[in-house]
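First comes the structure, then the notes that go with it.
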Amino acid sequence: MPRHPVLERVTARIVSRSGPSRQGYLDRTRAMAGQKVERTQLSCTNLAHAMAAMPDEAKIRLKADERPNLAIVSAYNDMLSAHQPLAAFPKWIKEAALEAGGTAQFAGGTPAMCDGVTQGQDGMDLSLFSRDVIALATAVALSHQMFDGALYLGVCDKIVPGLVMGALSFGHLPAVFVPGGPMTTGMSNDEKAHVRQRYAEGKIGRKELLEAETRSYHGPGTCTFYGTANSNQMLMEIMGLHLPGTAFINPNTPLREALTRESARQALRLVHGGERYTPVADVLDEHAFVNGIVGLLATGGSTNHTLHLIAMARVAGIVLTWDDFDELSGAVPLLARVYPNGKADVNQFQAAGGCRWSSAGCWNWACCMTTSPRWSAAGSALRARARAARRRLEWIDGPQDPLDDTIVRGAARPFAPDGGIKLLDGRLGRAVIKTSAVKPEHQVVEAPAIVFERQDDVIAAFKRGELERDFIAVLPWQGPASCGMPELHKLTPTLTVLQDRGFHVALVTDGRMSGASGKVPAAIHVCPEALNGGGIGRVRTGDMVRVDAPAGVLTVLVPDAEWSARETTRPDLSANRHGVGRDLFATFRRNVSEAESGACTLFADEDAAD
């Protein structure tokens, strides 16, 4: 099948734009690939330190120059439900590596904060910056130069992008990502959203709300809606870093253990001198990142990846822009309906065919298979099942068609003709909006602005009865340089209630919304942010603002002379800069790039990837 012309054009543009920086990255990476195992570069004293605590069998192998050694980098903690299952994985990986003739060592841990816990709290101001901290922690873990490949254990929001960025900084090493899987289905996402709206309206109290939330989030694994965490797993599979079919297998099952053990064996096949040396630098090329964008659009994934994919790509010398997302979105059909874009949760998505089917359909439609030789092209059409007695995998033919076409469809009969992530541009700057969950009649809102400094101010105004009207909530001073770019998901129930009451409402902010952005139109990630002189900082309450998703317009209807004469009045931001560890992140706030450059702190300037 010929490549779709939009895919062809966007990919060629990315390759051309990235040429010098990508080549520089590849030159540096390939220069690091040795002819022997990595640890042969160490002195005897170095090596003795690194294996002093290992069991005798592993120590014997580590002394041998030809035996590969794998790093385990994990974001385990037992507070975060998605990462609690990772506690068992290092033991399985070490056993599988020994059985396959190699060794594995736990190289280091990274932080893993949960946006579900910090949502609407001060700690959310550290959330986006934690991605870069995770990348740095991953680099520290691998800096001992003991390793010939690595397995990365992580699942949720900023964690997987941070691990990818760290892995790409050691691009000469093979990388296999190992997820934990989603929790089993609890209260439906629709019912949970309804309970939250009733709480926002004051119709139920905290006790009833907590009972509902604990029925929704009830066990180990990721949340079951299709937010950033589960979008991460889709991306890792589509971009070639997972074993095929592994994204949405529940924790604490024989298949999850078998896939984890097989991940270790696969990593050993990919090391230098192994069956098929495949460094991660070669896997994550321009085509793989385009695959990722296509997969994100086809499945209705998280808007957070309009930041994360850009930041990940930059480490590999690849330059992505929001124009790339926007142009691809116009050509990639929506092939999945998973909450918040539909009623199904990820377990139902998996049962209907999941990444195995929807990603294959997307690739076939776009003729956009990953260039990595690691997995066969047929891999995405296979199901894995565990043979528990041997803790091995057996691959069987998967379904050739979706098992539930209310959840997953082919490109010939999509749910929508476009991918639902659009670029907005105008007087207020550039922004992204996710429309796949927004009904067409709500995709254009022109209404008076009400400017707020904090999301709690919106909720307080609602409780005072001041928002029973058409309006656009404008929240500047939420950008990465202002306060770390928190998610404003706390506003979703309140704005949804108002929209359901018949009012025309929208949100405009230089902050973020949740990966579970819902049915209220939200122009987010506005660039330049208010602190950097963006137009969003000049909006006044009462100004007519227009959010027009189909036309790609974000503007304010103020006379030119008046708009030009306005000055930005900067509020006191000191309350956003202290407490809950925020004092330690001043350097991050000073050096962070704009959202369209990934809101990243790891590059001094736009040419840093060169």
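Starting from 1 in every chain, residues are counted up; chains themselves are A, B, ... following the order of the structure tokens, and ligands are numbered from 1 as listed.
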Task: Surrounding residues of A:Val73 excluding itself and chain neighbours under 4 positions, 9 Å, only C-alpha atoms, as a ChimeraX atom specification - done: /A:106-110,138,141-142,150-154,163
Open item on the list: When DSSP is applied to the backbone of this structure, which of stretch 46-188 of chain A are assigned alpha helix (DSSP H)? Write them out as a VMD selection string.
Closed with: chain A and resid 46 to 51 56 to 63 89 to 99 115 to 118 127 to 142 159 to 168
Residues near A:Ala50, anyone? I mean within 12 Å using only C-alpha atoms, not counting same-chain ones fewer than 2 positions away, as a PDB file with C-alpha atoms, in the first residue's frame.
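Dumped everything to out06.pdb:
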```pdb
ATOM      1  CA  ARG A  39      32.060  -3.288  31.470  1.00  0.00           C
ATOM      2  CA  LEU A  42      36.209  -0.491  33.478  1.00  0.00           C
ATOM      3  CA  SER A  43      39.308  -1.001  35.561  1.00  0.00           C
ATOM      4  CA  CYS A  44      39.470  -4.046  37.821  1.00  0.00           C
ATOM      5  CA  THR A  45      38.784  -1.840  40.843  1.00  0.00           C
ATOM      6  CA  ASN A  46      35.738  -0.322  39.126  1.00  0.00           C
ATOM      7  CA  LEU A  47      34.402  -3.761  38.244  1.00  0.00           C
ATOM      8  CA  ALA A  48      35.036  -5.233  41.680  1.00  0.00           C
ATOM      9  CA  ALA A  52      30.830  -7.056  45.072  1.00  0.00           C
ATOM     10  CA  ALA A  53      27.297  -7.774  46.310  1.00  0.00           C
ATOM     11  CA  MET A  54      26.225 -10.105  43.496  1.00  0.00           C
ATOM     12  CA  ALA A  58      26.338 -13.840  38.632  1.00  0.00           C
ATOM     13  CA  LYS A  59      29.775 -12.734  39.811  1.00  0.00           C
ATOM     14  CA  LEU A  62      30.334 -10.671  35.273  1.00  0.00           C
ATOM     15  CA  LYS A  63      34.048 -11.527  35.326  1.00  0.00           C
ATOM     16  CA  ASN A  69      24.699  -7.665  31.636  1.00  0.00           C
ATOM     17  CA  GLN A 105      21.393  -5.832  37.968  1.00  0.00           C
ATOM     18  CA  PHE A 106      19.053  -3.276  39.479  1.00  0.00           C
ATOM     19  CA  ALA A 107      20.844  -0.174  38.225  1.00  0.00           C
ATOM     20  CA  SER A 143      26.399   6.041  34.119  1.00  0.00           C
ATOM     21  CA  HIS A 144      28.326   3.185  35.748  1.00  0.00           C
ATOM     22  CA  GLN A 145      28.917   1.742  32.261  1.00  0.00           C
ATOM     23  CA  MET A 146      28.234  -1.766  33.469  1.00  0.00           C
ATOM     24  CA  PHE A 147      25.410  -2.512  31.069  1.00  0.00           C
TER      25      PHE A 147
END
```
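Counting only C-alpha atoms and comparing A:Asp543, A:Asp572, A:Glu487, A:Glu208, the residue that lies closest to A:Thr118 is A:Glu487.
Interatomic distance, atom CA of A:Glu201 to atom CA of A:Lys490: 13.6 Å.
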- [ ] Any chance you could list, as a PyMOL selection string, the residues in stretch 246-494 of chain A that come up strand (DSSP E or B) when DSSP is run on the backbone?
- [x] chain A and resi 334+336+338+344+382-387+392-397+408+416+421-426+429-434+444-451+471-475+487
TODO: Kindly indicate which residue among A:Asp404, A:Glu453, A:Asp115, A:Asp548 lies nearest to A:Thr222, using only C-alpha atoms for the distances.
DONE: A:Asp115
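Counting from atom CA of A:Ser514, the distance to atom CA of A:Ile293 is 18.1 Å.
In this structure, atom CA of A:Thr253 sits 15.9 Å away from atom CA of A:Ile93.
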List as a PDB file with N, CA and C atoms, in the first residue's frame the protein and nucleic acid residues near A:Lys463, meaning an atom at most 10 Å away when only C-alpha atoms are counted, but skip any in the same chain fewer than 6 places from it.
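Saved result, around-v6.pdb, follows:
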```
ATOM      1  N   ALA A 200     -19.675  18.370  42.741  1.00  0.00           N
ATOM      2  CA  ALA A 200     -19.413  19.768  42.380  1.00  0.00           C
ATOM      3  C   ALA A 200     -20.658  20.628  42.572  1.00  0.00           C
ATOM      4  N   GLU A 201     -21.835  20.037  42.344  1.00  0.00           N
ATOM      5  CA  GLU A 201     -23.088  20.775  42.508  1.00  0.00           C
ATOM      6  C   GLU A 201     -23.558  20.822  43.960  1.00  0.00           C
ATOM      7  N   GLY A 202     -22.830  20.117  44.850  1.00  0.00           N
ATOM      8  CA  GLY A 202     -23.233  20.101  46.255  1.00  0.00           C
ATOM      9  C   GLY A 202     -24.355  19.138  46.554  1.00  0.00           C
ATOM     10  N   ASP A 457     -10.228  29.567  42.278  1.00  0.00           N
ATOM     11  CA  ASP A 457     -11.062  30.759  42.138  1.00  0.00           C
ATOM     12  C   ASP A 457     -12.268  30.478  41.242  1.00  0.00           C
ATOM     13  N   THR A 494     -16.811  20.977  37.270  1.00  0.00           N
ATOM     14  CA  THR A 494     -17.529  22.254  37.350  1.00  0.00           C
ATOM     15  C   THR A 494     -17.923  22.753  35.968  1.00  0.00           C
TER      16      THR A 494
END
```
Please provide the set of residues having any atom within 9 Å of stretch 440-445 of chain A, restricted to only C-alpha atoms, with same-chain residues fewer than 4 positions apart removed, written as a short mmCIF file (atom, residue, chain, number, x, y, z; two decimals) with N, CA and C atoms, in the first residue's frame.
```cif
data_model
loop_
_atom_site.label_atom_id
_atom_site.label_comp_id
_atom_site.auth_asym_id
_atom_site.auth_seq_id
_atom_site.Cartn_x
_atom_site.Cartn_y
_atom_site.Cartn_z
N THR A 435 -10.49 17.56 20.53
CA THR A 435 -11.91 17.63 20.18
C THR A 435 -12.59 16.27 20.09
N ASP A 470 -23.01 32.20 29.80
CA ASP A 470 -21.97 31.88 28.82
C ASP A 470 -20.69 32.62 29.20
N PHE A 471 -19.56 31.93 29.16
CA PHE A 471 -18.28 32.58 29.45
C PHE A 471 -17.14 31.67 29.04
N ILE A 472 -15.97 32.26 28.91
CA ILE A 472 -14.74 31.49 28.70
C ILE A 472 -13.82 31.78 29.88
N GLN A 499 -21.85 23.35 31.27
CA GLN A 499 -22.17 23.03 29.88
C GLN A 499 -23.44 22.20 29.79
N HIS A 504 -22.75 28.04 27.17
CA HIS A 504 -21.60 27.88 26.27
C HIS A 504 -20.35 28.27 27.06
N VAL A 505 -19.52 27.28 27.37
CA VAL A 505 -18.34 27.52 28.20
C VAL A 505 -17.11 26.89 27.55
N ALA A 506 -15.96 27.43 27.89
CA ALA A 506 -14.69 26.89 27.41
C ALA A 506 -13.60 27.34 28.39
N LYS A 519 -15.37 16.61 27.76
CA LYS A 519 -16.26 17.11 26.71
C LYS A 519 -16.39 18.62 26.68
N VAL A 520 -15.67 19.34 27.55
CA VAL A 520 -15.67 20.81 27.52
C VAL A 520 -14.48 21.27 26.68
N PRO A 521 -14.67 22.16 25.70
CA PRO A 521 -13.54 22.62 24.89
C PRO A 521 -12.51 23.35 25.75
N VAL A 545 -13.84 36.55 23.74
CA VAL A 545 -12.82 35.60 23.30
C VAL A 545 -13.50 34.57 22.40
N ARG A 546 -12.80 34.15 21.37
CA ARG A 546 -13.34 33.15 20.44
C ARG A 546 -12.41 31.94 20.40
N VAL A 547 -12.96 30.79 20.71
CA VAL A 547 -12.28 29.50 20.56
C VAL A 547 -13.01 28.77 19.44
N ASP A 548 -12.35 28.58 18.32
CA ASP A 548 -12.97 27.97 17.14
C ASP A 548 -12.09 26.79 16.71
N ALA A 549 -12.43 25.60 17.20
CA ALA A 549 -11.61 24.44 16.91
C ALA A 549 -11.62 24.06 15.43
N PRO A 550 -12.77 24.01 14.76
CA PRO A 550 -12.73 23.64 13.33
C PRO A 550 -11.89 24.58 12.49
N ALA A 551 -11.92 25.88 12.79
CA ALA A 551 -11.14 26.85 12.00
C ALA A 551 -9.73 27.03 12.54
#
```
